[in-house]
Amino acid sequence: MRRLLSALAVLLALAAPAAAVDPSERLPDPAQEERARAISEELRCLVCQNQSIDASDAQLAKDLRIIVRERIAAGDSDNEVRDFLVARYGEFVLLRPRAHGIGLLLWALPPALLLIAGTGLFIAFRRRPPAAATADSLSADEEAALKALSREEDESPNL
Amino acid sequence: MIVEFGHFALILALAVAVGQSILPIAGFFRRDPALMAVAPRASMMQLLLVALAFAALTYAYLVSDFSLLNVVENSHSEKPLIFKISGVWGNHEGSMLLWALILALFGAAVAAFGGNLPQTLKANVLAVQGWISTAFLAFILTTSNPFLRLAEPPMEGRDLNPVLQDVGLAIHPPLLYLGYVGFSIAFAFAIAALIEGRIDAAWARWVRPWVLGAWIFLTAGIAMGSYWAYYELGWGGFWFWDPVENASLMPWLVGTALLHSAVVMEKREALKVWTVLLAILAFSLSLLGTFLVRSGVLTSVHAFATDPARGVFILAILCLFIGGGLGLFAFRAGTLRQGGLFAPVSREGALVLNNVFLTVAAGVVLFGTLVPLIVSAFGGAISVGAPYFNTVFGPLFGATLLVVPLGPLLAWKRGDLLGALERLWAVFALAALVAVLVAWMKGETHITALFGLGVAVWVLVGAFAELVTRARFREVGLSVGLRRLAGLPRSAFGTALAHAGLGVTLLGIVATSAFQSEAILEMKPGDTATVGAYSVTFDGIRNSSGPNYSESVATMTVREGGVVRFVVEPSRRFYAARQMPTTEAGIRTHGLSQFYVTLGGEGRDSGSVVVRMWDKPLVTLIWLGALVMMAGGTLSLADRRLRVGAPKPARRATVPAE
């Protein structure tokens, strides 16, 4: 089955050099059509290489585009349309992974990395003044900073 | 015979590379100058041998020698000359050989121009280059040999993939590889520094031109690839977050960070350890990028696994260099003495912030690119596509861009943030004004687009704030100011241009994404359609043929207000050798904008065709911005201070003391 699918993928890729939607599929209601385009742009053409169904001429992409429009015409919300497709094709169909399982890791990574970097920088800059204090003498600025710091601590002169 | 000669030269090159890997290092540990002196000679010899091998393969392509498997698979006797040449690196084996050639070229350049490098550093750097060379040459000879003969040669070749038969893509890989391999020099310098346990500002000064050069080529390669995808693939998009694109973006991001941290190291002797780490990471990502694109792992993890020889070799190279580099770093980084201190708000601080954002962005792209591969290796399936990357990368890079004009205005060690902001208030006002004006002119506009527009103007104009401040127009008046401006070092102009280029590219991206007009419809000859301010008449279709394809060309006349503006001719081609159809977009540049037409399949009525048309305002700025960035980089590279070995600049009398 897998081999058949990949052979199919190659054939379809060869037959489908160009991209974008087909005028014949359009919904009569422009608001619904706009929703359909927005959803289509975030759904994967499963037999193509990294193409959305909105930008593929493959037969499967066409079928999916029609399904999306049918669901919208039937009154589904955007999320219901996505759920419908995920139930049939799995999470693989979503170009924007959902925030659970490995997807959660994907969404949590950027803020986590920034937080780690921020904390690291904060610690590095906090550690710097004492490091300077071990040098031979303190500059006037450093003296002032040290005083300010020790005042903050507990008004005691020795750190 | 010539082919066998090339094959033999390649084997000899491997032997020389092994010698270059071992002898200079041994010389370093035994304090033996004679052994260390082997390094430059070996580098020169290696360049000669690899160049011979490359020339032999090119010859085989030129004369269409179909007794070579590689030529059969990727060439055709009727292919135009330029694509016969570019066919040499339009495939896995040949592109690996090109990689090795550029590596040898850079190694020889270090040997030739590194006259004033300390002997030990030069020996170690070239030895590390030797390691990389050995790995690549062994990989080529054992698993990806382009010189394999066929016992029964066919009469005709299978031709190069038609979408690759394009001038843009002919020069795209060499540019990209010049960038990737350029970072190998930074890597070699980093490893050499770790081996010696010594690193100083001079080190940064030696490394910086190489990093800058690599960065310029990588920028060119990425921009070229993006423009190629734009006009050749017929989607009208300029960046698809395809793993192949991400593979080149990651080294660019880390390389950009490296470029900036090397400045801090050269000027202030700070961030030494971090700079060394970035040098290792930039090359690691270049290696990863090369292999991601060339190993076939992206098309299918399973195809990769079914050819274990190649796959295992690639994993071994990656583990050895990335793991080895990072391991050596962890083991030896403690021996590098830390340098100058600085306050959080300072030029250094701004550059650290730049580094944080760029490396986090690179990390996010790396993770997003690799996760689908990892999940699929374990039998699952997940997609990480453009919507994810746009959502995550946009804010990260946007935040970086906001700080860009500020950085150069802060002083070293301890900066004055309020003062810098004060100097930029006019730029800020201008950015806000442009956003408001566009909102007023265009009516209903998405807030993200307006914000993006503001940021673009902020970066584009703010980039020149440092020059204006340093020329002191306000204090000394226009004429003295201009003279002061002319006296500023080239690198100051380089910085301004490179930063402005970012603004130009962003302007193009925002304008195209937010304000393009689109029309997708079925047309018959004689029909007229409206796209934005234009009306387009479909005149008809004619058939013609090229050297190795046949095509149908549509003629469309584009009018504005009844007046003919231009004619576009999109076409569909059919390449017989590969039985493969392609679409060629009809693109017409007007001003900085472009009109873009592609042909789709047949429509519902007989004789009608699906036509997709876009008017893309300011779209060319996306790539012109990259050119501006490159110009900035080149100007910096031409700065006297960076030309290692250049005599000390004479004091210029025209420049008043600061």
# chains A, B, ... in the order shown; residues from 1 in each chain; ligands from 1
$ interface_residues --of "chain B" --to "chain A" --cutoff "8 Å" --atoms "only C-alpha atoms" --output "PDB file with N, CA and C atoms, in the first residue's frame"
ATOM      1  N   LEU B 233       8.580  27.738 -10.314  1.00  0.00           N
ATOM      2  CA  LEU B 233       7.603  26.783  -9.804  1.00  0.00           C
ATOM      3  C   LEU B 233       6.163  27.210 -10.063  1.00  0.00           C
ATOM      4  N   GLY B 234       5.978  28.482 -10.465  1.00  0.00           N
ATOM      5  CA  GLY B 234       4.652  28.914 -10.888  1.00  0.00           C
ATOM      6  C   GLY B 234       3.642  29.078  -9.773  1.00  0.00           C
ATOM      7  N   TRP B 235       4.114  29.195  -8.524  1.00  0.00           N
ATOM      8  CA  TRP B 235       3.175  29.425  -7.432  1.00  0.00           C
ATOM      9  C   TRP B 235       3.100  30.908  -7.082  1.00  0.00           C
ATOM     10  N   ASP B 242      10.101  25.286   2.776  1.00  0.00           N
ATOM     11  CA  ASP B 242      10.420  23.915   2.410  1.00  0.00           C
ATOM     12  C   ASP B 242      11.701  23.531   3.143  1.00  0.00           C
ATOM     13  N   THR B 299      12.923  13.504   0.855  1.00  0.00           N
ATOM     14  CA  THR B 299      11.882  12.916   0.024  1.00  0.00           C
ATOM     15  C   THR B 299      11.260  11.741   0.759  1.00  0.00           C
ATOM     16  N   LEU B 341      34.505  43.444  29.953  1.00  0.00           N
ATOM     17  CA  LEU B 341      33.182  43.500  30.568  1.00  0.00           C
ATOM     18  C   LEU B 341      32.359  44.584  29.901  1.00  0.00           C
ATOM     19  N   ALA B 343      28.167  46.631  30.134  1.00  0.00           N
ATOM     20  CA  ALA B 343      26.848  46.752  30.750  1.00  0.00           C
ATOM     21  C   ALA B 343      25.805  46.162  29.804  1.00  0.00           C
ATOM     22  N   PRO B 344      24.643  45.764  30.352  1.00  0.00           N
ATOM     23  CA  PRO B 344      23.598  45.209  29.473  1.00  0.00           C
ATOM     24  C   PRO B 344      23.207  46.186  28.365  1.00  0.00           C
ATOM     25  N   VAL B 356      21.018  36.342  20.458  1.00  0.00           N
ATOM     26  CA  VAL B 356      19.998  35.516  21.103  1.00  0.00           C
ATOM     27  C   VAL B 356      18.850  35.271  20.139  1.00  0.00           C
ATOM     28  N   PHE B 357      18.347  36.357  19.537  1.00  0.00           N
ATOM     29  CA  PHE B 357      17.198  36.211  18.641  1.00  0.00           C
ATOM     30  C   PHE B 357      17.555  35.348  17.430  1.00  0.00           C
ATOM     31  N   VAL B 360      18.018  31.648  18.488  1.00  0.00           N
ATOM     32  CA  VAL B 360      16.727  31.035  18.831  1.00  0.00           C
ATOM     33  C   VAL B 360      15.933  30.783  17.550  1.00  0.00           C
ATOM     34  N   ALA B 361      15.945  31.770  16.643  1.00  0.00           N
ATOM     35  CA  ALA B 361      15.239  31.591  15.369  1.00  0.00           C
ATOM     36  C   ALA B 361      15.804  30.383  14.627  1.00  0.00           C
ATOM     37  N   VAL B 364      14.616  27.201  16.245  1.00  0.00           N
ATOM     38  CA  VAL B 364      13.213  26.910  15.953  1.00  0.00           C
ATOM     39  C   VAL B 364      13.079  26.309  14.553  1.00  0.00           C
ATOM     40  N   PHE B 367      14.452  22.699  14.623  1.00  0.00           N
ATOM     41  CA  PHE B 367      13.530  21.763  15.262  1.00  0.00           C
ATOM     42  C   PHE B 367      12.337  21.488  14.352  1.00  0.00           C
ATOM     43  N   GLY B 368      11.764  22.559  13.800  1.00  0.00           N
ATOM     44  CA  GLY B 368      10.613  22.402  12.926  1.00  0.00           C
ATOM     45  C   GLY B 368      10.935  21.600  11.666  1.00  0.00           C
ATOM     46  N   ALA B 381       3.523  10.334  11.613  1.00  0.00           N
ATOM     47  CA  ALA B 381       3.499  11.333  10.549  1.00  0.00           C
ATOM     48  C   ALA B 381       2.991  12.646  11.098  1.00  0.00           C
ATOM     49  N   ILE B 382       3.765  13.696  10.916  1.00  0.00           N
ATOM     50  CA  ILE B 382       3.336  15.032  11.331  1.00  0.00           C
ATOM     51  C   ILE B 382       3.863  16.017  10.301  1.00  0.00           C
ATOM     52  N   SER B 383       3.104  17.084  10.066  1.00  0.00           N
ATOM     53  CA  SER B 383       3.532  18.106   9.118  1.00  0.00           C
ATOM     54  C   SER B 383       3.866  19.373   9.879  1.00  0.00           C
ATOM     55  N   VAL B 384       4.983  19.987   9.516  1.00  0.00           N
ATOM     56  CA  VAL B 384       5.304  21.304  10.051  1.00  0.00           C
ATOM     57  C   VAL B 384       5.509  22.189   8.836  1.00  0.00           C
ATOM     58  N   GLY B 385       4.509  22.986   8.528  1.00  0.00           N
ATOM     59  CA  GLY B 385       4.556  23.721   7.273  1.00  0.00           C
ATOM     60  C   GLY B 385       4.619  25.224   7.447  1.00  0.00           C
ATOM     61  N   ALA B 386       4.406  25.925   6.337  1.00  0.00           N
ATOM     62  CA  ALA B 386       4.514  27.375   6.314  1.00  0.00           C
ATOM     63  C   ALA B 386       3.689  28.066   7.403  1.00  0.00           C
ATOM     64  N   PRO B 387       2.444  27.636   7.673  1.00  0.00           N
ATOM     65  CA  PRO B 387       1.679  28.357   8.706  1.00  0.00           C
ATOM     66  C   PRO B 387       2.387  28.373  10.060  1.00  0.00           C
ATOM     67  N   TYR B 388       3.006  27.229  10.430  1.00  0.00           N
ATOM     68  CA  TYR B 388       3.726  27.181  11.702  1.00  0.00           C
ATOM     69  C   TYR B 388       4.916  28.139  11.678  1.00  0.00           C
ATOM     70  N   VAL B 392       5.665  31.486  14.048  1.00  0.00           N
ATOM     71  CA  VAL B 392       6.721  31.470  15.059  1.00  0.00           C
ATOM     72  C   VAL B 392       7.900  32.365  14.663  1.00  0.00           C
ATOM     73  N   ILE B 520      -7.974  34.288 -10.610  1.00  0.00           N
ATOM     74  CA  ILE B 520      -7.827  32.922 -11.091  1.00  0.00           C
ATOM     75  C   ILE B 520      -9.116  32.583 -11.822  1.00  0.00           C
ATOM     76  N   LEU B 521      -9.026  32.338 -13.119  1.00  0.00           N
ATOM     77  CA  LEU B 521     -10.253  32.093 -13.865  1.00  0.00           C
ATOM     78  C   LEU B 521      -9.986  31.317 -15.149  1.00  0.00           C
ATOM     79  N   GLU B 522     -11.087  30.864 -15.767  1.00  0.00           N
ATOM     80  CA  GLU B 522     -10.962  30.165 -17.046  1.00  0.00           C
ATOM     81  C   GLU B 522     -11.118  31.182 -18.162  1.00  0.00           C
ATOM     82  N   MET B 580       8.124  15.001 -19.178  1.00  0.00           N
ATOM     83  CA  MET B 580       7.743  15.840 -18.038  1.00  0.00           C
ATOM     84  C   MET B 580       7.261  17.212 -18.492  1.00  0.00           C
ATOM     85  N   PRO B 581       6.032  17.601 -18.078  1.00  0.00           N
ATOM     86  CA  PRO B 581       5.552  18.943 -18.401  1.00  0.00           C
ATOM     87  C   PRO B 581       6.001  19.956 -17.351  1.00  0.00           C
ATOM     88  N   THR B 582       6.231  21.194 -17.759  1.00  0.00           N
ATOM     89  CA  THR B 582       6.503  22.262 -16.792  1.00  0.00           C
ATOM     90  C   THR B 582       5.706  23.495 -17.215  1.00  0.00           C
ATOM     91  N   THR B 583       5.491  24.417 -16.288  1.00  0.00           N
ATOM     92  CA  THR B 583       4.905  25.697 -16.679  1.00  0.00           C
ATOM     93  C   THR B 583       5.972  26.761 -16.543  1.00  0.00           C
ATOM     94  N   THR B 598       0.475  32.592 -14.925  1.00  0.00           N
ATOM     95  CA  THR B 598       0.790  31.203 -15.255  1.00  0.00           C
ATOM     96  C   THR B 598      -0.438  30.519 -15.841  1.00  0.00           C
ATOM     97  N   LEU B 599      -0.171  29.467 -16.597  1.00  0.00           N
ATOM     98  CA  LEU B 599      -1.252  28.687 -17.192  1.00  0.00           C
ATOM     99  C   LEU B 599      -1.467  27.434 -16.367  1.00  0.00           C
ATOM    100  N   GLY B 600      -2.738  27.140 -16.082  1.00  0.00           N
ATOM    101  CA  GLY B 600      -3.054  25.895 -15.392  1.00  0.00           C
ATOM    102  C   GLY B 600      -3.547  24.869 -16.394  1.00  0.00           C
ATOM    103  N   ARG B 604     -13.418  24.064 -18.106  1.00  0.00           N
ATOM    104  CA  ARG B 604     -14.574  23.200 -18.329  1.00  0.00           C
ATOM    105  C   ARG B 604     -15.053  23.257 -19.780  1.00  0.00           C
ATOM    106  N   VAL B 610      -7.273  27.392 -17.612  1.00  0.00           N
ATOM    107  CA  VAL B 610      -7.244  28.053 -16.311  1.00  0.00           C
ATOM    108  C   VAL B 610      -6.037  28.991 -16.287  1.00  0.00           C
ATOM    109  N   ARG B 612      -3.919  31.959 -14.122  1.00  0.00           N
ATOM    110  CA  ARG B 612      -3.732  32.582 -12.803  1.00  0.00           C
ATOM    111  C   ARG B 612      -2.890  33.821 -12.973  1.00  0.00           C
TER     112      ARG B 612
END
$ select_by_dssp --residues "stretch 254-457 of chain B" --states "alpha helix (DSSP H)" --output "VMD selection string"
chain B and resid 254 to 268 272 to 294 301 to 306 308 to 318 324 to 332 347 to 377 386 to 403 417 to 423 425 to 442 447 to 457
$ residues_around --residues "A:Ile39" --least-positions-apart "2" --cutoff "9 Å" --atoms "only C-alpha atoms" --output "list in words"
Glu34, Arg35, Ala36, Arg37, Glu41, Glu42, Leu43, Asp54, Val68, Asp78, Val81 and Arg82 of chain A
$ residues_around --residues "B:Ala123" --least-positions-apart "5" --cutoff "10 Å" --atoms "only C-alpha atoms" --output "count of residues only"
21
$ atom_distance --atom1 "atom CA of B:Leu277" --atom2 "atom CA of B:Trp412"
22.6 Å
$ residues_around --residues "B:Thr530" --least-positions-apart "5" --cutoff "10 Å" --atoms "only C-alpha atoms" --output "VMD selection string"
chain B and resid 517 to 519 535 to 537 558 to 560 613
$ select_by_dssp --residues "stretch 407-560 of chain B" --states "strand (DSSP E or B)" --output "VMD selection string"
chain B and resid 517 to 523 528 to 531 534 to 545 550 to 560
$ write_last_selection --atoms "N, CA and C atoms" --output "tab-separated table (two decimals), in the first residue's frame"
chain	number	residue	atom	x	y	z
B	517	SER	N	-2.90	41.88	-6.11
B	517	SER	CA	-4.21	41.56	-6.68
B	517	SER	C	-4.10	40.21	-7.36
B	518	GLU	N	-5.15	39.42	-7.22
B	518	GLU	CA	-5.11	38.07	-7.76
B	518	GLU	C	-6.36	37.81	-8.59
B	519	ALA	N	-6.19	37.08	-9.68
B	519	ALA	CA	-7.37	36.62	-10.44
B	519	ALA	C	-7.08	35.22	-10.95
B	520	ILE	N	-7.97	34.29	-10.61
B	520	ILE	CA	-7.83	32.92	-11.09
B	520	ILE	C	-9.12	32.58	-11.82
B	521	LEU	N	-9.03	32.34	-13.12
B	521	LEU	CA	-10.25	32.09	-13.86
B	521	LEU	C	-9.99	31.32	-15.15
B	522	GLU	N	-11.09	30.86	-15.77
B	522	GLU	CA	-10.96	30.16	-17.05
B	522	GLU	C	-11.12	31.18	-18.16
B	523	MET	N	-10.19	31.13	-19.12
B	523	MET	CA	-10.26	32.10	-20.22
B	523	MET	C	-10.17	31.38	-21.56
B	528	THR	N	-11.43	38.84	-21.91
B	528	THR	CA	-10.72	39.88	-21.18
B	528	THR	C	-11.08	39.77	-19.70
B	529	ALA	N	-10.07	39.91	-18.84
B	529	ALA	CA	-10.31	39.82	-17.40
B	529	ALA	C	-9.66	41.01	-16.70
B	530	THR	N	-10.06	41.26	-15.46
B	530	THR	CA	-9.52	42.39	-14.70
B	530	THR	C	-8.67	41.89	-13.53
B	531	VAL	N	-7.46	42.44	-13.42
B	531	VAL	CA	-6.59	42.15	-12.28
B	531	VAL	C	-6.14	43.47	-11.70
B	534	TYR	N	-5.51	46.54	-13.89
B	534	TYR	CA	-5.24	46.15	-15.27
B	534	TYR	C	-6.38	45.34	-15.87
B	535	SER	N	-6.54	45.44	-17.19
B	535	SER	CA	-7.42	44.50	-17.89
B	535	SER	C	-6.55	43.69	-18.84
B	536	VAL	N	-6.77	42.38	-18.82
B	536	VAL	CA	-5.91	41.46	-19.54
B	536	VAL	C	-6.69	40.75	-20.62
B	537	THR	N	-6.21	40.81	-21.85
B	537	THR	CA	-6.88	40.13	-22.96
B	537	THR	C	-6.05	38.93	-23.40
B	538	PHE	N	-6.74	37.80	-23.47
B	538	PHE	CA	-6.09	36.56	-23.88
B	538	PHE	C	-6.15	36.50	-25.41
B	539	ASP	N	-5.02	36.73	-26.11
B	539	ASP	CA	-5.02	36.83	-27.57
B	539	ASP	C	-5.04	35.46	-28.24
B	540	GLY	N	-4.34	34.49	-27.67
B	540	GLY	CA	-4.32	33.18	-28.32
B	540	GLY	C	-3.13	32.35	-27.91
B	541	ILE	N	-3.08	31.13	-28.42
B	541	ILE	CA	-2.00	30.22	-28.08
B	541	ILE	C	-1.31	29.77	-29.36
B	542	ARG	N	0.03	29.74	-29.35
B	542	ARG	CA	0.76	29.19	-30.49
B	542	ARG	C	1.74	28.14	-29.99
B	543	ASN	N	2.09	27.22	-30.86
B	543	ASN	CA	3.04	26.17	-30.50
B	543	ASN	C	4.41	26.48	-31.06
B	544	SER	N	5.43	26.15	-30.28
B	544	SER	CA	6.79	26.30	-30.80
B	544	SER	C	7.66	25.25	-30.12
B	545	SER	N	8.94	25.23	-30.47
B	545	SER	CA	9.78	24.22	-29.85
B	545	SER	C	11.17	24.77	-29.54
B	550	SER	N	9.11	20.94	-26.34
B	550	SER	CA	8.13	21.62	-27.18
B	550	SER	C	7.26	22.44	-26.24
B	551	GLU	N	6.67	23.54	-26.74
B	551	GLU	CA	5.88	24.36	-25.82
B	551	GLU	C	4.69	25.01	-26.50
B	552	SER	N	3.65	25.32	-25.67
B	552	SER	CA	2.56	26.16	-26.12
B	552	SER	C	2.66	27.48	-25.38
B	553	VAL	N	2.69	28.56	-26.16
B	553	VAL	CA	2.86	29.88	-25.57
B	553	VAL	C	1.57	30.67	-25.71
B	554	ALA	N	1.06	31.20	-24.59
B	554	ALA	CA	-0.13	32.04	-24.63
B	554	ALA	C	0.31	33.50	-24.71
B	555	THR	N	-0.44	34.30	-25.47
B	555	THR	CA	-0.12	35.73	-25.54
B	555	THR	C	-1.23	36.51	-24.84
B	556	MET	N	-0.84	37.35	-23.90
B	556	MET	CA	-1.82	38.14	-23.16
B	556	MET	C	-1.43	39.61	-23.26
B	557	THR	N	-2.37	40.44	-23.65
B	557	THR	CA	-2.10	41.87	-23.72
B	557	THR	C	-2.67	42.53	-22.47
B	558	VAL	N	-1.82	43.27	-21.77
B	558	VAL	CA	-2.24	43.90	-20.52
B	558	VAL	C	-2.44	45.39	-20.76
B	559	ARG	N	-3.64	45.88	-20.45
B	559	ARG	CA	-3.97	47.30	-20.66
B	559	ARG	C	-4.27	47.97	-19.32
B	560	GLU	N	-3.95	49.24	-19.27
B	560	GLU	CA	-4.32	50.03	-18.09
B	560	GLU	C	-5.04	51.26	-18.60
$ atom_distance --atom1 "atom CA of B:Leu253" --atom2 "atom CA of B:Leu137"
27.9 Å
$ atom_distance --atom1 "atom CA of B:Trp99" --atom2 "atom CA of B:Ser295"
14.0 Å
$ closest_residue --among "B:Leu450, B:Gly255, B:Thr290, B:Gly340" --to "B:Ala270" --atoms "only C-alpha atoms"
B:Gly340
$ residues_around --residues "stretch 95-98 of chain B" --least-positions-apart "4" --cutoff "12 Å" --atoms "only C-alpha atoms" --output "number ranges by chain"
B: 6-7, 10, 13, 47, 49-58, 70, 85-91, 102-105, 133, 135-141, 143-147, 170-178, 180-181, 287, 290-291, 293-295, 314
$ decode --residues "stretch 31-88 of chain B" --atoms "C-alpha atoms" --output "mmCIF file, in the first residue's frame"
data_model
loop_
_atom_site.group_PDB
_atom_site.id
_atom_site.type_symbol
_atom_site.label_atom_id
_atom_site.label_comp_id
_atom_site.auth_asym_id
_atom_site.auth_seq_id
_atom_site.Cartn_x
_atom_site.Cartn_y
_atom_site.Cartn_z
ATOM 1 C CA ARG B 31 57.181 21.665 17.787
ATOM 2 C CA ASP B 32 58.546 20.658 14.408
ATOM 3 C CA PRO B 33 58.383 23.527 11.858
ATOM 4 C CA ALA B 34 59.251 21.211 8.954
ATOM 5 C CA LEU B 35 56.157 19.075 9.590
ATOM 6 C CA MET B 36 53.966 22.132 10.036
ATOM 7 C CA ALA B 37 55.236 23.515 6.732
ATOM 8 C CA VAL B 38 53.650 20.526 4.982
ATOM 9 C CA ALA B 39 50.196 22.080 5.453
ATOM 10 C CA PRO B 40 50.307 24.924 2.900
ATOM 11 C CA ARG B 41 51.962 22.777 0.245
ATOM 12 C CA ALA B 42 49.450 19.968 0.761
ATOM 13 C CA SER B 43 46.594 22.483 0.441
ATOM 14 C CA MET B 44 47.904 23.749 -2.882
ATOM 15 C CA MET B 45 48.431 20.215 -4.149
ATOM 16 C CA GLN B 46 44.937 19.278 -3.107
ATOM 17 C CA LEU B 47 43.404 22.186 -4.989
ATOM 18 C CA LEU B 48 45.269 21.153 -8.107
ATOM 19 C CA LEU B 49 44.161 17.513 -7.865
ATOM 20 C CA VAL B 50 40.497 18.170 -7.068
ATOM 21 C CA ALA B 51 40.358 20.796 -9.818
ATOM 22 C CA LEU B 52 41.710 18.210 -12.275
ATOM 23 C CA ALA B 53 39.039 15.732 -11.202
ATOM 24 C CA PHE B 54 36.330 18.357 -11.560
ATOM 25 C CA ALA B 55 37.622 19.412 -14.978
ATOM 26 C CA ALA B 56 37.606 15.766 -16.118
ATOM 27 C CA LEU B 57 33.953 15.341 -15.087
ATOM 28 C CA THR B 58 33.005 18.619 -16.772
ATOM 29 C CA TYR B 59 34.741 17.390 -19.931
ATOM 30 C CA ALA B 60 32.693 14.189 -19.834
ATOM 31 C CA TYR B 61 29.521 16.310 -19.687
ATOM 32 C CA LEU B 62 30.657 18.615 -22.489
ATOM 33 C CA VAL B 63 31.331 15.772 -24.921
ATOM 34 C CA SER B 64 28.266 13.836 -23.655
ATOM 35 C CA ASP B 65 30.301 10.769 -22.727
ATOM 36 C CA PHE B 66 27.427 8.358 -22.119
ATOM 37 C CA SER B 67 29.763 5.618 -20.917
ATOM 38 C CA LEU B 68 29.685 7.464 -17.575
ATOM 39 C CA LEU B 69 26.675 6.543 -15.466
ATOM 40 C CA ASN B 70 26.528 10.040 -13.978
ATOM 41 C CA VAL B 71 26.387 11.698 -17.409
ATOM 42 C CA VAL B 72 23.726 9.281 -18.659
ATOM 43 C CA GLU B 73 21.518 9.992 -15.671
ATOM 44 C CA ASN B 74 21.779 13.758 -15.852
ATOM 45 C CA SER B 75 22.558 14.872 -19.370
ATOM 46 C CA HIS B 76 21.352 14.790 -22.942
ATOM 47 C CA SER B 77 23.293 15.414 -26.127
ATOM 48 C CA GLU B 78 20.878 18.166 -27.262
ATOM 49 C CA LYS B 79 20.916 20.033 -23.968
ATOM 50 C CA PRO B 80 22.140 23.661 -24.252
ATOM 51 C CA LEU B 81 25.805 24.135 -23.384
ATOM 52 C CA ILE B 82 25.240 26.070 -20.153
ATOM 53 C CA PHE B 83 23.028 23.286 -18.774
ATOM 54 C CA LYS B 84 25.571 20.667 -19.792
ATOM 55 C CA ILE B 85 28.002 22.498 -17.531
ATOM 56 C CA SER B 86 25.518 23.115 -14.716
ATOM 57 C CA GLY B 87 24.457 19.475 -15.023
ATOM 58 C CA VAL B 88 27.820 18.608 -13.480
#
